[in-house]
>>> print(open('target_23.cif').read())   # mmCIF, N, CA and C atoms and all ligand atoms
data_run
loop_
_atom_site.label_atom_id
_atom_site.label_comp_id
_atom_site.auth_asym_id
_atom_site.auth_seq_id
_atom_site.Cartn_x
_atom_site.Cartn_y
_atom_site.Cartn_z
N MET A 1 5.51 27.34 -26.35
CA MET A 1 5.40 25.90 -26.56
C MET A 1 5.49 25.18 -25.21
N THR A 2 4.54 24.34 -25.00
CA THR A 2 4.56 23.60 -23.73
C THR A 2 5.25 22.26 -23.92
N ALA A 3 6.12 21.97 -23.00
CA ALA A 3 6.81 20.67 -23.06
C ALA A 3 5.83 19.57 -22.72
N PHE A 4 5.82 18.59 -23.57
CA PHE A 4 4.94 17.46 -23.33
C PHE A 4 5.71 16.44 -22.48
N PRO A 5 5.11 15.95 -21.47
CA PRO A 5 5.87 14.97 -20.67
C PRO A 5 6.21 13.75 -21.52
N LEU A 6 7.46 13.35 -21.49
CA LEU A 6 7.88 12.21 -22.31
C LEU A 6 7.29 10.91 -21.81
N VAL A 7 7.21 10.82 -20.52
CA VAL A 7 6.68 9.58 -19.95
C VAL A 7 5.40 9.90 -19.20
N ALA A 8 4.34 9.28 -19.65
CA ALA A 8 3.08 9.45 -18.94
C ALA A 8 3.18 8.70 -17.61
N GLN A 9 2.21 8.97 -16.78
CA GLN A 9 2.18 8.29 -15.49
C GLN A 9 2.40 6.79 -15.65
N GLU A 10 3.40 6.29 -14.95
CA GLU A 10 3.69 4.84 -15.02
C GLU A 10 2.51 4.06 -14.46
N PRO A 11 2.12 2.98 -15.12
CA PRO A 11 1.06 2.18 -14.52
C PRO A 11 1.58 1.55 -13.22
N GLU A 12 0.67 1.33 -12.32
CA GLU A 12 1.05 0.72 -11.04
C GLU A 12 1.73 -0.62 -11.30
N ALA A 13 2.99 -0.73 -10.90
CA ALA A 13 3.72 -1.95 -11.19
C ALA A 13 3.49 -2.99 -10.09
N GLU A 14 3.47 -4.25 -10.52
CA GLU A 14 3.43 -5.35 -9.56
C GLU A 14 4.69 -5.25 -8.70
N PRO A 15 4.57 -5.51 -7.43
CA PRO A 15 5.79 -5.52 -6.63
C PRO A 15 6.74 -6.57 -7.18
N GLU A 16 7.98 -6.18 -7.37
CA GLU A 16 8.92 -7.11 -7.98
C GLU A 16 9.33 -8.18 -6.98
N LYS A 17 9.38 -9.40 -7.46
CA LYS A 17 9.79 -10.51 -6.61
C LYS A 17 10.83 -11.31 -7.33
N ARG A 18 11.80 -11.78 -6.58
CA ARG A 18 12.86 -12.59 -7.18
C ARG A 18 12.92 -13.92 -6.46
N TYR A 19 12.81 -14.96 -7.22
CA TYR A 19 12.88 -16.30 -6.67
C TYR A 19 14.13 -17.01 -7.16
N ARG A 20 14.57 -17.97 -6.39
CA ARG A 20 15.76 -18.71 -6.78
C ARG A 20 15.46 -19.67 -7.91
N SER A 21 14.29 -20.31 -7.80
CA SER A 21 13.94 -21.32 -8.79
C SER A 21 13.31 -20.67 -10.02
N ARG A 22 13.78 -21.10 -11.18
CA ARG A 22 13.27 -20.51 -12.42
C ARG A 22 11.79 -20.83 -12.60
N ARG A 23 11.41 -22.05 -12.18
CA ARG A 23 10.00 -22.43 -12.34
C ARG A 23 9.09 -21.58 -11.48
N VAL A 24 9.56 -21.29 -10.28
CA VAL A 24 8.76 -20.46 -9.38
C VAL A 24 8.69 -19.04 -9.94
N GLN A 25 9.82 -18.55 -10.44
CA GLN A 25 9.85 -17.21 -11.01
C GLN A 25 8.89 -17.09 -12.20
N GLN A 26 8.93 -18.10 -13.05
CA GLN A 26 8.06 -18.08 -14.23
C GLN A 26 6.60 -18.07 -13.83
N ALA A 27 6.27 -18.88 -12.82
CA ALA A 27 4.88 -18.92 -12.36
C ALA A 27 4.48 -17.55 -11.81
N PHE A 28 5.37 -16.95 -11.02
CA PHE A 28 5.05 -15.65 -10.44
C PHE A 28 4.87 -14.60 -11.52
N ASP A 29 5.76 -14.59 -12.51
CA ASP A 29 5.67 -13.59 -13.57
C ASP A 29 4.36 -13.74 -14.35
N ARG A 30 3.88 -14.96 -14.42
CA ARG A 30 2.64 -15.21 -15.14
C ARG A 30 1.41 -14.82 -14.32
N GLY A 31 1.40 -15.22 -13.07
CA GLY A 31 0.16 -15.01 -12.34
C GLY A 31 0.30 -14.62 -10.88
N GLY A 32 1.45 -14.08 -10.54
CA GLY A 32 1.63 -13.62 -9.16
C GLY A 32 1.66 -14.75 -8.15
N GLU A 33 1.41 -14.39 -6.90
CA GLU A 33 1.55 -15.39 -5.83
C GLU A 33 0.54 -16.52 -5.99
N ASP A 34 -0.64 -16.21 -6.54
CA ASP A 34 -1.63 -17.27 -6.73
C ASP A 34 -1.08 -18.37 -7.62
N ALA A 35 -0.36 -17.97 -8.66
CA ALA A 35 0.20 -18.96 -9.59
C ALA A 35 1.29 -19.78 -8.90
N VAL A 36 2.03 -19.14 -7.99
CA VAL A 36 3.05 -19.90 -7.24
C VAL A 36 2.36 -20.96 -6.38
N LYS A 37 1.25 -20.58 -5.76
CA LYS A 37 0.51 -21.55 -4.93
C LYS A 37 0.03 -22.72 -5.75
N VAL A 38 -0.49 -22.43 -6.94
CA VAL A 38 -0.98 -23.49 -7.82
C VAL A 38 0.18 -24.42 -8.18
N LEU A 39 1.34 -23.83 -8.50
CA LEU A 39 2.52 -24.63 -8.83
C LEU A 39 2.93 -25.51 -7.64
N MET A 40 2.97 -24.91 -6.45
CA MET A 40 3.37 -25.65 -5.25
C MET A 40 2.43 -26.83 -5.01
N ARG A 41 1.12 -26.56 -5.12
CA ARG A 41 0.14 -27.64 -4.88
C ARG A 41 0.31 -28.74 -5.89
N ASP A 42 0.56 -28.36 -7.14
CA ASP A 42 0.73 -29.33 -8.21
C ASP A 42 1.96 -30.20 -7.95
N LEU A 43 3.06 -29.57 -7.53
CA LEU A 43 4.28 -30.33 -7.26
C LEU A 43 4.08 -31.30 -6.10
N VAL A 44 3.39 -30.82 -5.06
CA VAL A 44 3.13 -31.68 -3.89
C VAL A 44 2.27 -32.88 -4.31
N LYS A 45 1.28 -32.60 -5.15
CA LYS A 45 0.38 -33.67 -5.61
C LYS A 45 1.15 -34.71 -6.44
N ARG A 46 2.05 -34.20 -7.29
CA ARG A 46 2.80 -35.13 -8.15
C ARG A 46 3.80 -35.96 -7.34
N ALA A 47 4.36 -35.36 -6.30
CA ALA A 47 5.28 -36.11 -5.45
C ALA A 47 4.51 -37.23 -4.74
N LYS A 48 3.29 -36.92 -4.34
CA LYS A 48 2.45 -37.89 -3.63
C LYS A 48 2.20 -39.11 -4.51
N LYS A 49 2.00 -38.86 -5.80
CA LYS A 49 1.79 -39.97 -6.74
C LYS A 49 3.02 -40.86 -6.79
N SER A 50 4.19 -40.28 -6.52
CA SER A 50 5.42 -41.07 -6.49
C SER A 50 5.65 -41.66 -5.10
N GLY A 51 4.66 -41.49 -4.23
CA GLY A 51 4.75 -42.09 -2.91
C GLY A 51 5.49 -41.26 -1.88
N ILE A 52 5.75 -39.99 -2.19
CA ILE A 52 6.47 -39.15 -1.23
C ILE A 52 5.58 -37.99 -0.80
N ARG A 53 5.32 -37.96 0.48
CA ARG A 53 4.39 -36.96 1.00
C ARG A 53 5.10 -35.69 1.42
N TYR A 54 4.63 -34.59 0.88
CA TYR A 54 5.10 -33.28 1.29
C TYR A 54 3.91 -32.50 1.82
N LYS A 55 4.18 -31.65 2.78
CA LYS A 55 3.15 -30.72 3.24
C LYS A 55 3.73 -29.33 3.13
N CYS A 56 2.84 -28.36 2.88
CA CYS A 56 3.31 -26.98 2.77
C CYS A 56 4.10 -26.60 4.03
N GLY A 57 3.62 -27.06 5.19
CA GLY A 57 4.23 -26.70 6.46
C GLY A 57 5.61 -27.29 6.68
N GLN A 58 6.01 -28.23 5.80
CA GLN A 58 7.36 -28.77 5.92
C GLN A 58 8.40 -27.72 5.54
N CYS A 59 8.04 -26.87 4.62
CA CYS A 59 9.00 -25.88 4.11
C CYS A 59 8.63 -24.45 4.50
N HIS A 60 7.38 -24.26 4.91
CA HIS A 60 6.94 -22.91 5.25
C HIS A 60 6.49 -22.85 6.71
N ASP A 61 6.88 -21.80 7.40
CA ASP A 61 6.52 -21.65 8.80
C ASP A 61 5.05 -21.35 9.02
N ASN A 62 4.45 -20.63 8.09
CA ASN A 62 3.00 -20.43 8.17
C ASN A 62 2.45 -20.28 6.76
N LEU A 63 1.12 -20.38 6.65
CA LEU A 63 0.53 -20.36 5.32
C LEU A 63 -0.17 -19.03 5.03
N ARG A 64 0.31 -17.97 5.68
CA ARG A 64 -0.20 -16.65 5.36
C ARG A 64 0.83 -15.87 4.55
N THR A 65 2.07 -15.86 5.09
CA THR A 65 3.12 -15.11 4.39
C THR A 65 4.19 -16.05 3.84
N TYR A 66 4.03 -17.34 4.10
CA TYR A 66 4.93 -18.37 3.56
C TYR A 66 6.42 -18.12 3.81
N PRO A 67 6.79 -17.80 5.04
CA PRO A 67 8.25 -17.69 5.29
C PRO A 67 8.89 -19.07 5.15
N LEU A 68 10.10 -19.08 4.64
CA LEU A 68 10.77 -20.36 4.41
C LEU A 68 11.46 -20.87 5.67
N LYS A 69 11.36 -22.16 5.88
CA LYS A 69 12.11 -22.78 6.96
C LYS A 69 13.55 -22.98 6.52
N PRO A 70 14.46 -23.14 7.49
CA PRO A 70 15.84 -23.42 7.10
C PRO A 70 15.88 -24.69 6.25
N GLY A 71 16.63 -24.65 5.18
CA GLY A 71 16.76 -25.83 4.33
C GLY A 71 15.63 -26.01 3.33
N ALA A 72 14.68 -25.06 3.29
CA ALA A 72 13.53 -25.20 2.39
C ALA A 72 13.96 -25.23 0.92
N HIS A 73 14.97 -24.44 0.58
CA HIS A 73 15.43 -24.43 -0.81
C HIS A 73 15.96 -25.79 -1.21
N GLU A 74 16.73 -26.41 -0.31
CA GLU A 74 17.30 -27.72 -0.61
C GLU A 74 16.19 -28.76 -0.73
N GLU A 75 15.21 -28.69 0.20
CA GLU A 75 14.08 -29.61 0.14
C GLU A 75 13.33 -29.44 -1.17
N PHE A 76 13.20 -28.20 -1.59
CA PHE A 76 12.46 -27.91 -2.80
C PHE A 76 13.18 -28.48 -4.03
N GLU A 77 14.51 -28.38 -4.04
CA GLU A 77 15.30 -28.97 -5.12
C GLU A 77 15.02 -30.47 -5.20
N ARG A 78 14.97 -31.10 -4.02
CA ARG A 78 14.70 -32.54 -3.98
C ARG A 78 13.30 -32.84 -4.53
N LEU A 79 12.34 -32.01 -4.10
CA LEU A 79 10.97 -32.18 -4.58
C LEU A 79 10.92 -32.08 -6.11
N LEU A 80 11.63 -31.10 -6.67
CA LEU A 80 11.63 -30.95 -8.13
C LEU A 80 12.22 -32.18 -8.80
N GLN A 81 13.28 -32.73 -8.17
CA GLN A 81 13.90 -33.93 -8.75
C GLN A 81 12.94 -35.10 -8.72
N ILE A 82 12.22 -35.23 -7.61
CA ILE A 82 11.27 -36.34 -7.48
C ILE A 82 10.21 -36.27 -8.57
N VAL A 83 9.64 -35.08 -8.78
CA VAL A 83 8.56 -35.00 -9.75
C VAL A 83 9.07 -35.07 -11.19
N SER A 84 10.33 -34.70 -11.42
CA SER A 84 10.80 -34.76 -12.80
C SER A 84 11.28 -36.16 -13.15
N ALA A 85 11.53 -36.98 -12.12
CA ALA A 85 12.01 -38.33 -12.36
C ALA A 85 10.83 -39.28 -12.65
N HIS A 86 9.59 -38.78 -12.47
CA HIS A 86 8.44 -39.68 -12.67
C HIS A 86 7.50 -39.14 -13.73
C1 LIG B 101 9.77 -28.97 -0.35
C2 LIG B 101 9.64 -27.64 0.16
C3 LIG B 101 8.34 -26.89 -0.14
C4 LIG B 101 7.06 -27.35 -0.04
C5 LIG B 101 6.57 -28.75 0.35
C6 LIG B 101 6.20 -26.23 -0.35
N1 LIG B 101 6.95 -25.12 -0.65
FE1 LIG B 101 6.27 -23.27 -1.16
N2 LIG B 101 8.18 -22.61 -1.46
C7 LIG B 101 9.31 -23.38 -1.25
C8 LIG B 101 10.47 -22.59 -1.61
C9 LIG B 101 11.93 -23.06 -1.53
C10 LIG B 101 10.00 -21.35 -2.06
C11 LIG B 101 10.85 -20.19 -2.61
C12 LIG B 101 11.18 -20.56 -4.05
C13 LIG B 101 12.31 -19.77 -4.66
O1 LIG B 101 12.82 -18.81 -4.09
O2 LIG B 101 12.68 -20.15 -5.77
C14 LIG B 101 8.56 -21.39 -1.93
C15 LIG B 101 7.69 -20.32 -2.24
C16 LIG B 101 6.32 -20.34 -2.02
C17 LIG B 101 5.45 -19.21 -2.19
C18 LIG B 101 5.88 -17.80 -2.58
C19 LIG B 101 6.20 -17.06 -1.30
C20 LIG B 101 6.65 -15.64 -1.53
O3 LIG B 101 7.35 -15.10 -0.67
O4 LIG B 101 6.31 -15.07 -2.57
C21 LIG B 101 4.18 -19.62 -1.91
C22 LIG B 101 2.91 -18.78 -1.93
C23 LIG B 101 4.25 -21.02 -1.57
N3 LIG B 101 5.57 -21.42 -1.65
C24 LIG B 101 3.16 -21.80 -1.24
C25 LIG B 101 3.23 -23.16 -0.95
C26 LIG B 101 2.07 -24.00 -0.72
C27 LIG B 101 0.62 -23.52 -0.74
C28 LIG B 101 2.53 -25.26 -0.47
C29 LIG B 101 1.72 -26.53 -0.21
C30 LIG B 101 0.83 -26.93 -1.27
C31 LIG B 101 3.98 -25.20 -0.55
N4 LIG B 101 4.36 -23.92 -0.84
C32 LIG B 101 4.81 -26.29 -0.35
C33 LIG B 101 9.36 -24.66 -0.76
C34 LIG B 101 8.27 -25.48 -0.54
#
>>> encode(input="target_23.cif", output="structure tokens")
Amino acid sequence: MTAFPLVAQEPEAEPEKRYRSRRVQQAFDRGGEDAVKVLMRDLVKRAKKSGIRYKCGQCHDNLRTYPLKPGAHEEFERLLQIVSAH
């Protein structure tokens, strides 16, 4: 009798990412980094409608790997508050 492998080859898993913000995490789980970008652009656009200008470069050092600048998390919290208040 040949033992049948219990677990077939695991499908290639998406690299796991953990974000602080639940909204960012949800976007990533849904559509990966592209979905995070869409969310970020949407938030920036909505803040602009409230008269507050944000640029990606305010919180990110570059737009290839999106490293966070110091204080980016706090800025982001503020951005979320601005868009949820309007
Ligand atoms: C107010 C600050 C802020 C602005 C403005 C901002 N971001 Fe972000 N961004 C963040 C923070 C903070 C995170 C990490 C979120 C977390 O960990 O919950 C992030 C994460 C990301 C990520 C995921 C990076 C990774 O390592 O997976 C991408 C992509 C991204 N932002 C793109 C953009 C783009 C594109 C713009 C402009 C439209 C933008 N962001 C504007 C604060 C900002």
>>> atom_distance(input="target_23.cif", atom1="atom C25 of ligand LIG 101 (chain B)", atom2="atom CA of A:Arg30")
16.3 Å
>>> atom_distance(input="target_23.cif", atom1="atom N4 of ligand LIG 101 (chain B)", atom2="atom N of A:Pro67")
8.8 Å
>>> closest_residue(input="target_23.cif", among="A:Arg41, A:Arg18, A:Lys49, A:Arg78", to="ligand LIG 101 (chain B)", atoms="only C-alpha atoms and all ligand atoms")
A:Arg41
>>> closest_residue(input="target_23.cif", among="A:Gln26, A:Ser21, A:Glu16, A:Gly71", to="ligand LIG 101 (chain B)", atoms="all atoms listed in the file")
A:Ser21
>>> residues_near_ligand(input="target_23.cif", ligand="ligand LIG 101 (chain B)", cutoff="6 Å", atoms="only N, CA and C atoms and all ligand atoms", output="list in words")
Arg18, Tyr19, Arg20, Ser21, Arg22, Val24, Gln25, Glu33, Val36, Lys37, Met40, Arg41, Val44, Tyr54, Lys55, Cys56, Gly57, Gln58, Cys59, His60, Thr65, Tyr66, Ala72, His73, Glu74, Glu75, Phe76 and Leu79 of chain A
>>> select_by_dssp(input="target_23.cif", residues="chain A", states="helix (DSSP H, G or I)", output="PyMOL selection string")
chain A and resi 22-49+56-59+72-84
>>> atom_distance(input="target_23.cif", atom1="atom CA of A:Arg53", atom2="atom CA of A:Asp29")
27.6 Å
